[in-house]
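Asker: First, the structure itself, so that you have it in front of you.
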Amino acid sequence: MADPAAALGEFNFAGDDHVVPFQVEGLDVRGRAVQLGPMLDAILERHRYPAPVARLLAEVVVLTVLLGTSLKFDGKFTVQTKGDGPVDLLVCDFSTPENVRAYARFDQGLLDKAIATGQIEPEQLLGKGMLAFTIDQGKFTQPYQGIVALDGATLEEIAGTYFRQSEQIPTRVRLAAAELFDRDEAGKPRHRWRAGGLVAQFLPEAPERMRQPDLHGGDGDTAGGSHKEDDAWMEARSLVDTIDADELTDPQVGTERLLYRLFHERGVRVYEPREVFDRCSCSREKIKGVLKGFSAEEIDASQEDGAISVTCEFCSTTYRFEVEEVALAAE
């Protein structure tokens with residue numbers, strides 16, 4: 001049986017919309033990296049979000065696919081932000097093994113004001129609130145949810161805080177999104193979205209090596225931490241921190257090439273990539289099932305011109321039901 005891992009260069013580059021698992025044995029680091037192109041662009045183009053909103057949602061999509069593709073079971077993984085800023089909600093669902101959907105909610109008036117005053121940093125757009133990670137394995141199981149406060153300057157910093165507080169695994173997350181302006185095959189101007197990211201985790205065989213300096217204000221805190229970080233993890237984190245945002249999104253760099261730039265001296269290995277797709281889980285039957293729970297009064301209040309229309313927030317598909325059809329289903 002062939003080794004599931006391959007040294008860099010032994011197979012073709014993964015390309016866009018493929019999550020690439022990797023391992024750096026010399027540093028006891030494992031992780032995943034990705035560049036998103038057509039899949040992400042389809043999601044954002046469908047909604048035509050203003051650029052600051054699209055950029056935030058793109059980073060949430062990258063974070064979701066990086067973590068969701070690591071699941072070893074059938075289920076759904078959701079990343080969601082809720083805050084009191086102009087962008088009050090960001091949601092991305094990953095349904096194993098490969099399906100992604102996402103949407104954002106924002107206040108246009110507050111967003112216009114934020115843009116006019118230059119207050120478009122992530123913490124300014126999201127405001128105070130929380131970032132939640134939810135794992136749902138389906139029937140007969142209880143969903144697991146981890147929550148961290150929205151108090152970091154960037155989503156990657158907030159995600160890093162979550163791993164440190166909840167998973168207690170030294171983790172570095174990098175996220176980036178960019179607009180690409182070029183021309184199509186016919187020479188016409190074209191606008192596209194791209195995004196990329198990387199998550200690296202320190203997983204040595206000896207668990208005691210994973211201990212990090214205590215968080216400020218936590219138990220055992222002594223002016224910045226009572227435990228020195230492992231040298232291997234410090235090196236790995238420093239290498240990851242050298243990544244420019246442009247490298248994460250540049251189609252000329254590619255995921256494997258970036259990993260080679262970072263870790264070739266330590267012997268990086270990449271595994272078979274996992275492709276992800278823009279696919280919503282909504283359907284006419286599912287929507288009809290929801291309407292079955294409506295009372296006669298609710299059906300009457302929801303109808304217009306003898307029909308009820310329901311639009312999916314994720315994929316913008318509109319389903320139309322005649323009142324008679326819904327009323328019969330609800331009986």
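The chains in the structure tokens are called A, B, ... from first to last as shown; in each chain the residues are counted from 1, and the ligands are counted from 1 in the order shown.
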Give me the residues near A:Thr81 as a PyMOL selection string, where near means some atom within 8 Å (using only C-alpha atoms) and where sequence neighbours in that chain fewer than 6 positions away do not count.
Answerer: chain A and resi 88-91+126+129-132
Asker: Go ahead and dump the residues you just picked, C-alpha atoms, as a short mmCIF file (atom, residue, chain, number, x, y, z; two decimals), in the first residue's frame.
Answerer:
```
data_model
loop_
_atom_site.label_atom_id
_atom_site.label_comp_id
_atom_site.auth_asym_id
_atom_site.auth_seq_id
_atom_site.Cartn_x
_atom_site.Cartn_y
_atom_site.Cartn_z
CA ASP A 88 -23.66 41.78 13.19
CA LEU A 89 -23.64 38.21 11.84
CA LEU A 90 -21.30 36.00 9.82
CA VAL A 91 -22.12 32.31 9.32
CA LEU A 126 -17.85 43.21 14.20
CA GLY A 129 -19.76 39.88 20.79
CA MET A 130 -18.68 36.29 20.32
CA LEU A 131 -17.18 33.81 17.88
CA ALA A 132 -18.71 30.33 18.13
#
```
Asker: As a PyMOL selection string, please: every residue in stretch 63-252 of chain A that a backbone DSSP assignment puts in strand (DSSP E).
Answerer: chain A and resi 76-83+87-95+99-106+129-136+144-149+171-183+189-202
Asker: I want to know what sits within 9 Å of stretch 303-318 of chain A, based on only C-alpha atoms, with residues of the same chain fewer than 2 positions away left out; could you give that as a list in words?
Answerer: Ile43, Arg46, His47, Val91, Cys92, Arg101, Ala102, Tyr103, Ala104, Arg279, Cys280, Cys282, Ile287, Glu298, Ile299, Asp300, Ala301, Arg320, Phe321, Glu322, Val323, Glu324 and Val326 of chain A
Asker: Can you check which residues of stretch 8-255 of chain A DSSP gives as helix (DSSP H, G or I) on the backbone and send them as a VMD selection string?
Answerer: chain A and resid 25 to 27 38 to 47 51 to 68 108 to 116 122 to 126 155 to 167 207 to 210 231 to 241 245 to 249 255
Asker: Name all residues at most 10 Å from A:Ile115 (count only C-alpha atoms; drop same-chain ones fewer than 6 positions away) and give them as a list of chain:residue names.
Answerer: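 Near neighbours after the sequence-gap exclusion: A:Pro52, A:Glu121, A:Leu125.
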Asker: Go ahead and save the residues from that selection, with all heavy atoms, as an mmCIF file, in the first residue's frame.
Answerer:
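And here is the file that came out, selection_38.cif:
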```cif
data_model
loop_
_atom_site.group_PDB
_atom_site.id
_atom_site.type_symbol
_atom_site.label_atom_id
_atom_site.label_comp_id
_atom_site.auth_asym_id
_atom_site.auth_seq_id
_atom_site.Cartn_x
_atom_site.Cartn_y
_atom_site.Cartn_z
ATOM 1 N N PRO A 52 -15.955 45.461 2.360
ATOM 2 C CA PRO A 52 -15.545 45.146 3.739
ATOM 3 C C PRO A 52 -16.273 43.931 4.307
ATOM 4 O O PRO A 52 -15.695 43.149 5.076
ATOM 5 C CB PRO A 52 -15.909 46.422 4.509
ATOM 6 C CG PRO A 52 -15.936 47.505 3.486
ATOM 7 C CD PRO A 52 -16.466 46.842 2.254
ATOM 8 N N GLU A 121 -11.735 48.221 10.184
ATOM 9 C CA GLU A 121 -10.952 47.111 10.709
ATOM 10 C C GLU A 121 -11.912 46.049 11.258
ATOM 11 O O GLU A 121 -13.048 46.370 11.642
ATOM 12 C CB GLU A 121 -10.001 47.581 11.808
ATOM 13 C CG GLU A 121 -8.915 48.531 11.323
ATOM 14 C CD GLU A 121 -8.036 47.906 10.255
ATOM 15 O OE1 GLU A 121 -7.664 46.718 10.407
ATOM 16 O OE2 GLU A 121 -7.745 48.590 9.260
ATOM 17 N N LEU A 125 -15.857 46.589 12.619
ATOM 18 C CA LEU A 125 -17.035 46.125 11.890
ATOM 19 C C LEU A 125 -17.841 45.095 12.679
ATOM 20 O O LEU A 125 -19.066 45.056 12.594
ATOM 21 C CB LEU A 125 -16.617 45.526 10.548
ATOM 22 C CG LEU A 125 -16.025 46.496 9.524
ATOM 23 C CD1 LEU A 125 -15.573 45.739 8.279
ATOM 24 C CD2 LEU A 125 -17.042 47.579 9.144
#
```
Asker: A:Ile135, A:Val20, A:Leu203, A:Ile158: which is nearest A:Ala236, counting only C-alpha atoms?
Answerer: A:Leu203
Asker: Just want the 12 Å neighbourhood of stretch 177-192 of chain A, counted on only C-alpha atoms, with same-chain residues fewer than 4 positions away dropped. Output as a PyMOL selection string.
Answerer: chain A and resi 34-45+48+50-63+155-156+196-197+244-251
Asker: Between A:Arg30, A:Lys128, A:Lys286, A:Arg194, which one has atoms that come closest to A:Phe263, using only C-alpha atoms?
Answerer: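 Checking each candidate against A:Phe263, we get A:Arg30 as the closest.
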Asker: State, in Å with one decimal place, the distance from atom CA of A:Gly127 to atom CA of A:Val240.
Answerer: 27.4 Å
Asker: Quick one, how far is atom CA of A:Glu235 from atom CA of A:Val79?
Answerer: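 These atoms are spaced 29.0 Å apart.
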Asker: I'd like the contact shell of A:Ala159 - 12 Å cut-off, only C-alpha atoms, skipping same-chain residues fewer than 5 positions apart - returned as a PyMOL selection string.
Answerer: chain A and resi 59-60+62-64+66-67+79-81+130-133+146-154+164-167+170-175+198-199
Asker: Just the selected residues (N, CA and C atoms), exported as a tab-separated table (two decimals), in the first residue's frame, please.
Answerer:
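Produced file out13.tsv, reproduced below:
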```
chain	number	residue	atom	x	y	z
A	59	GLU	N	-12.82	35.39	5.06
A	59	GLU	CA	-11.93	34.86	6.08
A	59	GLU	C	-12.63	33.80	6.93
A	60	VAL	N	-13.91	34.02	7.22
A	60	VAL	CA	-14.67	33.02	7.98
A	60	VAL	C	-14.81	31.73	7.17
A	62	VAL	N	-12.66	30.60	4.92
A	62	VAL	CA	-11.35	29.94	4.97
A	62	VAL	C	-11.16	29.21	6.29
A	63	LEU	N	-11.45	29.88	7.39
A	63	LEU	CA	-11.31	29.26	8.71
A	63	LEU	C	-12.18	28.02	8.83
A	64	THR	N	-13.40	28.10	8.32
A	64	THR	CA	-14.33	26.97	8.41
A	64	THR	C	-13.84	25.76	7.64
A	66	LEU	N	-10.76	25.06	6.71
A	66	LEU	CA	-9.52	24.55	7.30
A	66	LEU	C	-9.82	23.61	8.46
A	67	LEU	N	-10.79	23.98	9.29
A	67	LEU	CA	-11.10	23.17	10.47
A	67	LEU	C	-12.11	22.07	10.13
A	79	VAL	N	-19.01	27.88	11.86
A	79	VAL	CA	-18.34	29.02	12.48
A	79	VAL	C	-19.27	30.22	12.35
A	80	GLN	N	-19.48	30.92	13.46
A	80	GLN	CA	-20.44	32.02	13.46
A	80	GLN	C	-19.97	33.15	14.37
A	81	THR	N	-20.11	34.37	13.89
A	81	THR	CA	-19.85	35.53	14.73
A	81	THR	C	-21.16	36.27	14.96
A	130	MET	N	-19.31	37.60	20.14
A	130	MET	CA	-18.68	36.29	20.32
A	130	MET	C	-18.45	35.61	18.98
A	131	LEU	N	-17.46	34.71	18.99
A	131	LEU	CA	-17.18	33.81	17.88
A	131	LEU	C	-17.46	32.40	18.38
A	132	ALA	N	-18.32	31.67	17.68
A	132	ALA	CA	-18.71	30.33	18.13
A	132	ALA	C	-18.32	29.28	17.10
A	133	PHE	N	-17.83	28.14	17.60
A	133	PHE	CA	-17.54	26.96	16.79
A	133	PHE	C	-18.50	25.86	17.24
A	146	GLY	N	-18.06	25.72	21.20
A	146	GLY	CA	-17.03	26.47	21.89
A	146	GLY	C	-17.17	27.94	21.54
A	147	ILE	N	-17.03	28.81	22.53
A	147	ILE	CA	-17.26	30.23	22.32
A	147	ILE	C	-16.07	31.03	22.84
A	148	VAL	N	-15.71	32.08	22.08
A	148	VAL	CA	-14.66	32.99	22.51
A	148	VAL	C	-15.12	34.41	22.20
A	149	ALA	N	-14.70	35.35	23.03
A	149	ALA	CA	-15.14	36.73	22.85
A	149	ALA	C	-14.51	37.37	21.62
A	150	LEU	N	-15.26	38.25	20.97
A	150	LEU	CA	-14.73	39.06	19.88
A	150	LEU	C	-13.98	40.24	20.47
A	151	ASP	N	-12.73	39.99	20.83
A	151	ASP	CA	-11.95	41.06	21.44
A	151	ASP	C	-10.54	41.14	20.85
A	152	GLY	N	-10.34	40.51	19.69
A	152	GLY	CA	-9.04	40.59	19.03
A	152	GLY	C	-9.09	41.53	17.85
A	153	ALA	N	-7.94	41.93	17.36
A	153	ALA	CA	-7.89	42.86	16.23
A	153	ALA	C	-8.28	42.18	14.92
A	154	THR	N	-8.05	40.89	14.80
A	154	THR	CA	-8.34	40.17	13.57
A	154	THR	C	-9.02	38.85	13.91
A	164	ARG	N	-6.22	28.33	22.18
A	164	ARG	CA	-5.42	28.37	23.39
A	164	ARG	C	-6.27	28.15	24.64
A	165	GLN	N	-7.48	28.71	24.63
A	165	GLN	CA	-8.34	28.59	25.80
A	165	GLN	C	-9.07	27.26	25.85
A	166	SER	N	-9.55	26.78	24.69
A	166	SER	CA	-10.43	25.62	24.68
A	166	SER	C	-9.72	24.31	24.36
A	167	GLU	N	-8.88	24.32	23.36
A	167	GLU	CA	-8.22	23.09	22.94
A	167	GLU	C	-6.89	22.87	23.65
A	170	PRO	N	-1.07	24.50	21.23
A	170	PRO	CA	-0.43	25.67	20.59
A	170	PRO	C	-0.79	25.72	19.11
A	171	THR	N	-1.42	26.79	18.69
A	171	THR	CA	-1.96	26.90	17.34
A	171	THR	C	-1.72	28.29	16.78
A	172	ARG	N	-1.35	28.36	15.52
A	172	ARG	CA	-1.23	29.65	14.82
A	172	ARG	C	-2.11	29.60	13.60
A	173	VAL	N	-2.96	30.60	13.45
A	173	VAL	CA	-3.89	30.69	12.33
A	173	VAL	C	-3.54	31.91	11.50
A	174	ARG	N	-3.50	31.74	10.19
A	174	ARG	CA	-3.30	32.87	9.26
A	174	ARG	C	-4.45	32.87	8.26
A	175	LEU	N	-5.05	34.04	8.04
A	175	LEU	CA	-6.17	34.20	7.12
A	175	LEU	C	-5.97	35.45	6.28
A	198	LEU	N	-3.96	29.27	6.58
A	198	LEU	CA	-3.13	28.17	7.09
A	198	LEU	C	-3.36	28.06	8.59
A	199	VAL	N	-3.47	26.84	9.07
A	199	VAL	CA	-3.50	26.58	10.50
A	199	VAL	C	-2.39	25.58	10.82
```
Asker: Write out as a PDB file with N, CA, C and O atoms, in the first residue's frame the residues lying within 12 Å of A:Ser238, counting only C-alpha atoms and excluding same-chain residues fewer than 4 positions away.
Answerer:
```pdb
ATOM      1  N   LEU A  27       9.624  19.717  13.333  1.00  0.00           N
ATOM      2  CA  LEU A  27       9.121  20.681  14.316  1.00  0.00           C
ATOM      3  C   LEU A  27       7.903  20.162  15.073  1.00  0.00           C
ATOM      4  O   LEU A  27       7.306  20.900  15.858  1.00  0.00           O
ATOM      5  N   THR A 171      -1.421  26.792  18.693  1.00  0.00           N
ATOM      6  CA  THR A 171      -1.965  26.903  17.340  1.00  0.00           C
ATOM      7  C   THR A 171      -1.724  28.294  16.780  1.00  0.00           C
ATOM      8  O   THR A 171      -1.866  29.283  17.483  1.00  0.00           O
ATOM      9  N   ARG A 172      -1.350  28.364  15.518  1.00  0.00           N
ATOM     10  CA  ARG A 172      -1.228  29.652  14.824  1.00  0.00           C
ATOM     11  C   ARG A 172      -2.108  29.605  13.596  1.00  0.00           C
ATOM     12  O   ARG A 172      -2.022  28.670  12.789  1.00  0.00           O
ATOM     13  N   ALA A 200      -1.555  25.936  11.775  1.00  0.00           N
ATOM     14  CA  ALA A 200      -0.448  25.073  12.202  1.00  0.00           C
ATOM     15  C   ALA A 200      -0.602  24.783  13.686  1.00  0.00           C
ATOM     16  O   ALA A 200      -0.857  25.698  14.474  1.00  0.00           O
ATOM     17  N   ASP A 231      11.102  25.235  22.036  1.00  0.00           N
ATOM     18  CA  ASP A 231      11.885  25.862  20.963  1.00  0.00           C
ATOM     19  C   ASP A 231      11.354  25.511  19.583  1.00  0.00           C
ATOM     20  O   ASP A 231      11.342  26.347  18.675  1.00  0.00           O
ATOM     21  N   ALA A 232      10.928  24.252  19.398  1.00  0.00           N
ATOM     22  CA  ALA A 232      10.432  23.834  18.090  1.00  0.00           C
ATOM     23  C   ALA A 232       9.174  24.616  17.721  1.00  0.00           C
ATOM     24  O   ALA A 232       9.016  25.068  16.580  1.00  0.00           O
ATOM     25  N   TRP A 233       8.282  24.798  18.697  1.00  0.00           N
ATOM     26  CA  TRP A 233       7.064  25.546  18.410  1.00  0.00           C
ATOM     27  C   TRP A 233       7.373  27.026  18.168  1.00  0.00           C
ATOM     28  O   TRP A 233       6.764  27.649  17.286  1.00  0.00           O
ATOM     29  N   MET A 234       8.293  27.574  18.898  1.00  0.00           N
ATOM     30  CA  MET A 234       8.670  28.971  18.677  1.00  0.00           C
ATOM     31  C   MET A 234       9.207  29.166  17.263  1.00  0.00           C
ATOM     32  O   MET A 234       8.890  30.153  16.592  1.00  0.00           O
ATOM     33  N   THR A 242       5.960  34.830   9.166  1.00  0.00           N
ATOM     34  CA  THR A 242       6.618  35.532   8.058  1.00  0.00           C
ATOM     35  C   THR A 242       5.745  35.592   6.806  1.00  0.00           C
ATOM     36  O   THR A 242       6.093  36.288   5.842  1.00  0.00           O
ATOM     37  N   ILE A 243       4.634  34.871   6.798  1.00  0.00           N
ATOM     38  CA  ILE A 243       3.776  34.844   5.607  1.00  0.00           C
ATOM     39  C   ILE A 243       3.141  36.213   5.380  1.00  0.00           C
ATOM     40  O   ILE A 243       2.546  36.792   6.287  1.00  0.00           O
ATOM     41  N   LEU A 262       8.136  27.913   3.412  1.00  0.00           N
ATOM     42  CA  LEU A 262       8.159  28.039   4.869  1.00  0.00           C
ATOM     43  C   LEU A 262       9.019  26.973   5.543  1.00  0.00           C
ATOM     44  O   LEU A 262       9.817  27.279   6.438  1.00  0.00           O
ATOM     45  N   PHE A 263       8.841  25.724   5.143  1.00  0.00           N
ATOM     46  CA  PHE A 263       9.340  24.624   5.960  1.00  0.00           C
ATOM     47  C   PHE A 263      10.319  23.684   5.271  1.00  0.00           C
ATOM     48  O   PHE A 263      10.641  22.631   5.822  1.00  0.00           O
TER      49      PHE A 263
END
```
